[in-house]
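*Asks:* The structure that follows is given in the form of structure tokens.
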Amino acid sequence: MMTLIESLAKYPVKTIAVHGQVQAYREAGQGQPLILLHGISSGSASWINQLEILSQHFHVIAWDAPGYGLSDNLDTEQPNATDYAERILGLMDVLNISKAILIGHSLGALQASAFAHLYPERVQTLIIANAAQGYQRSDEETKAQVYQKRPNLLKSLGNAGMAASRGPHLIYKQDAQALALVSAVMGQLTLEGFTRASYLLAYDEIRNYLTEITVPCVVIAGDKDGITPVQAIEELAVEMRLSRYHLITDAGHLSYVDQAEQFNDIVLSAH
């Protein structure tokens, strides 16, 4: 059996130009497009279980967010979610994708929600998993702390040190292969992309985009998630009137890595 990391070789990183900027992604399968947006400490490689399994049903595209992997940074150092949404739009246009199922995990959920808000005609179903809601409504001191926390960790610990200290908190099962995958992905983080993503987390808010959402929306939480806890996600779902809510059992924050089978089954039942 190939390890998760060995399996990645089947899905090499591809790059295209989006408005003159490099945009990287991995892809597998054919048919209905399914676009996967990773969280702040992740990358396209995190989605290996989805590239392997969901590609039997969909044309799966997992991006590396701007400033991640080989993807060029956004032009602004103070992005909001719409800046990321514009890059998603460019990616879809270049790949001739008129409409897709869009899955956003953690900070990717904020980006995906902004895209669905701006371009509902391009989204068949929005799936937000372990959503990072953003801290725009918090006080200035909290926002500044959120903005600085992760980049400072990366600066002080380095990639390997941060992966060792933070990686195990992202998954519940502590499966050796999953830990190795998380560590490898965190090893690829760059300070510039990470800092811009941290700005997004600190100064934007998912409710800006989910209020009066017009596309079908599915919400996923992990029952052992200590980073975006169940209660906060349930409250968001109730407040935003998002009735299609799924709880994955024995899943930490990276629910799609931790419990890939449960996660993939939800996606297959949602479209």
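Simple scheme: letters A, B, ... for chains in structure tokens order, numbers from 1 for residues in each chain, numbers from 1 for ligands in the order shown.
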Please identify every residue of region 199-246 of chain A that has at least one atom no farther than 10 Å from an atom of region 136-150 of chain A, counting only C-alpha atoms, and for each give the shortest atom pair and the distance in Å to one decimal, arranged by chain then increasing number, as CSV.
*Replies:*
residue,atom,partner,partner_atom,distance
A:Tyr199,CA,A:Tyr147,CA,5.2
A:Leu200,CA,A:Tyr147,CA,8.2
A:Leu201,CA,A:Tyr147,CA,7.2
A:Ala202,CA,A:Lys143,CA,4.9
A:Tyr203,CA,A:Gln136,CA,4.5
A:Asp204,CA,A:Gln136,CA,4.8
A:Glu205,CA,A:Gln136,CA,5.3
A:Ile206,CA,A:Gln136,CA,9.1
A:Arg207,CA,A:Gln136,CA,9.9
A:Asn208,CA,A:Gln136,CA,9.7
*Asks:* What's around Ala237 (chain A) at 8 Å? Count only C-alpha atoms, leave out sequence neighbours fewer than 6 positions away in its own chain, and write the answer as an MDAnalysis selection string.
*Replies:* chainID A and resid 219 243 245
*Asks:* Could the residues in this selection be saved with all heavy atoms as a compact mmCIF listing (two decimals), in the first residue's frame?
*Replies:*
# COMPACT_ATOMS: atom_id res chain seq x y z
N VAL A 219 -23.10 22.42 5.75
CA VAL A 219 -22.17 22.76 6.83
C VAL A 219 -21.66 21.46 7.46
O VAL A 219 -22.45 20.57 7.78
CB VAL A 219 -22.86 23.63 7.91
CG1 VAL A 219 -21.88 23.99 9.02
CG2 VAL A 219 -23.46 24.88 7.28
N SER A 243 -29.64 24.71 6.97
CA SER A 243 -30.28 23.54 7.58
C SER A 243 -29.53 22.23 7.31
O SER A 243 -29.73 21.24 8.00
CB SER A 243 -31.72 23.41 7.10
OG SER A 243 -31.73 23.28 5.69
N TYR A 245 -26.78 20.35 7.90
CA TYR A 245 -25.66 20.33 8.84
C TYR A 245 -25.25 18.89 9.13
O TYR A 245 -26.10 18.04 9.38
CB TYR A 245 -26.07 21.05 10.13
CG TYR A 245 -25.11 20.89 11.27
CD1 TYR A 245 -23.98 21.70 11.38
CD2 TYR A 245 -25.32 19.91 12.25
CE1 TYR A 245 -23.09 21.54 12.43
CE2 TYR A 245 -24.44 19.76 13.31
CZ TYR A 245 -23.32 20.57 13.39
OH TYR A 245 -22.44 20.41 14.42
*Asks:* Skip region 89-96 of chain A itself and residues of its chain fewer than 3 positions away, then list as an NGL selection string all residues within 8 Å of it, counting only C-alpha atoms.
*Replies:* :A and (16-19 or 23 or 85-86 or 115)
*Asks:* Quick check for you: according to DSSP on this backbone, which residues of region 146-264 of chain A are classed as alpha helix (DSSP H)? Reply as a PyMOL selection string.
*Replies:* chain A and resi 146-170+176-186+191-203+207-210+230-239+255-258+260-264
*Asks:* Just the residues within 7 Å of Lys14 (chain A), please, counting only C-alpha atoms, with nothing from its chain fewer than 6 positions along; format it as a ChimeraX atom specification.
*Replies:* /A:24-26
*Asks:* What lies within 12 Å of Glu192 (chain A) using only C-alpha atoms, ignoring chain neighbours under 5 positions off, as a list in words?
*Replies:*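 In the requested form, the answer reads Ala65, Pro66, Gly67, Tyr68, Gly69, Ser71, Asp72, Asn73, Leu74, Asp75, Thr76, Glu77, Gln78, Arg150, Pro151, Asn152, Leu154, Lys155, Ala197, Ser198 and Tyr199 of chain A.
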*Asks:* Apply DSSP to the structure's backbone, then extract all residues of region 44-175 of chain A labelled strand (DSSP E) and return them as number ranges by chain.
*Replies:* A: 59-64, 100-105, 123-129
*Asks:* If we count only C-alpha atoms, what is near Lys173 (chain A) at a cut-off of 12 Å, once residues fewer than 4 positions away on the same chain are taken out, given as a compact mmCIF listing (two decimals) with N, CA, C and O atoms, in the first residue's frame?
*Replies:*
# COMPACT_ATOMS: atom_id res chain seq x y z
N PRO A 168 -0.13 18.07 15.35
CA PRO A 168 -0.94 17.10 16.09
C PRO A 168 -2.27 17.67 16.60
O PRO A 168 -3.20 16.90 16.87
N HIS A 169 -2.37 19.00 16.73
CA HIS A 169 -3.63 19.60 17.21
C HIS A 169 -4.70 19.61 16.12
O HIS A 169 -5.87 19.87 16.41
N GLN A 177 0.26 8.23 9.26
CA GLN A 177 0.28 8.75 7.88
C GLN A 177 -0.32 10.14 7.80
O GLN A 177 0.20 11.01 7.09
N ALA A 178 -1.41 10.34 8.53
CA ALA A 178 -2.05 11.66 8.53
C ALA A 178 -1.11 12.71 9.14
O ALA A 178 -0.98 13.82 8.62
N LEU A 179 -0.45 12.36 10.22
CA LEU A 179 0.50 13.28 10.85
C LEU A 179 1.64 13.61 9.90
O LEU A 179 2.07 14.77 9.81
N GLY A 222 -16.56 18.90 12.98
CA GLY A 222 -15.92 17.72 13.55
C GLY A 222 -16.12 17.71 15.06
O GLY A 222 -15.89 18.72 15.72
N LYS A 224 -14.56 16.52 17.50
CA LYS A 224 -13.39 16.68 18.36
C LYS A 224 -12.52 17.86 17.92
O LYS A 224 -11.33 17.92 18.23
N ASP A 225 -13.12 18.79 17.20
CA ASP A 225 -12.39 19.93 16.67
C ASP A 225 -12.17 20.98 17.77
O ASP A 225 -13.12 21.60 18.24
N THR A 249 -17.92 12.26 13.26
CA THR A 249 -17.51 11.75 14.57
C THR A 249 -16.02 11.39 14.58
O THR A 249 -15.46 10.97 13.55
N ASP A 250 -15.42 11.57 15.74
CA ASP A 250 -13.99 11.30 15.94
C ASP A 250 -13.13 12.04 14.93
O ASP A 250 -12.14 11.50 14.41
N ALA A 251 -13.51 13.29 14.66
CA ALA A 251 -12.75 14.12 13.72
C ALA A 251 -12.31 15.39 14.40
O ALA A 251 -13.10 16.08 15.03
N GLY A 252 -11.03 15.70 14.24
CA GLY A 252 -10.51 16.98 14.68
C GLY A 252 -10.74 18.04 13.62
O GLY A 252 -11.65 17.93 12.79
N HIS A 253 -9.88 19.07 13.63
CA HIS A 253 -10.10 20.20 12.73
C HIS A 253 -9.98 19.78 11.26
O HIS A 253 -10.78 20.19 10.43
N LEU A 254 -8.98 18.97 10.94
CA LEU A 254 -8.83 18.51 9.55
C LEU A 254 -9.73 17.30 9.33
O LEU A 254 -9.26 16.18 9.12
N SER A 255 -11.02 17.54 9.34
CA SER A 255 -11.99 16.44 9.29
C SER A 255 -11.83 15.59 8.03
O SER A 255 -12.02 14.38 8.06
N TYR A 256 -11.45 16.23 6.93
CA TYR A 256 -11.37 15.50 5.66
C TYR A 256 -10.12 14.62 5.58
O TYR A 256 -10.02 13.74 4.72
N VAL A 257 -9.15 14.87 6.46
CA VAL A 257 -7.98 14.01 6.58
C VAL A 257 -8.25 12.93 7.64
O VAL A 257 -8.00 11.74 7.44
N ASP A 258 -8.76 13.41 8.78
CA ASP A 258 -8.99 12.56 9.94
C ASP A 258 -9.99 11.44 9.65
O ASP A 258 -9.77 10.28 10.00
N GLN A 259 -11.10 11.82 9.03
CA GLN A 259 -12.19 10.86 8.76
C GLN A 259 -12.62 11.03 7.30
O GLN A 259 -13.73 11.46 6.99
N ALA A 260 -11.69 10.66 6.40
CA ALA A 260 -11.91 10.90 4.97
C ALA A 260 -13.18 10.21 4.47
O ALA A 260 -13.92 10.77 3.65
*Asks:* Hey, can you check how far CA of Gly161 (chain A) sits from CA of Leu70 (chain A)?
*Replies:*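 If I compute the distance from CA of Gly161 (chain A) to CA of Leu70 (chain A), I get 22.0 Å.
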*Asks:* To one decimal place, how far is CA of Gly108 (chain A) from CA of Leu34 (chain A) in Å?
*Replies:*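 Computed distance, CA of Gly108 (chain A) to CA of Leu34 (chain A), equals 14.0 Å.
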*Asks:* Extract, using only C-alpha atoms, all DNA, RNA and protein residues at most 8 Å from Ala100 (chain A), discarding same-chain residues fewer than 3 positions from it, and format them as a list in words.
*Replies:* Gln32, Pro33, Leu34, Ile35, Ile97, Arg122, Val123, Gln124 and Thr125 of chain A
*Asks:* Compare A:Tyr119, A:Ala62, A:Gln56, A:Ser98 by their minimum atom-to-atom distance to Thr82 (chain A), counting only C-alpha atoms, and give me the closest one.
*Replies:*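 The answer is A:Tyr119, which sits nearest to Thr82 (chain A).
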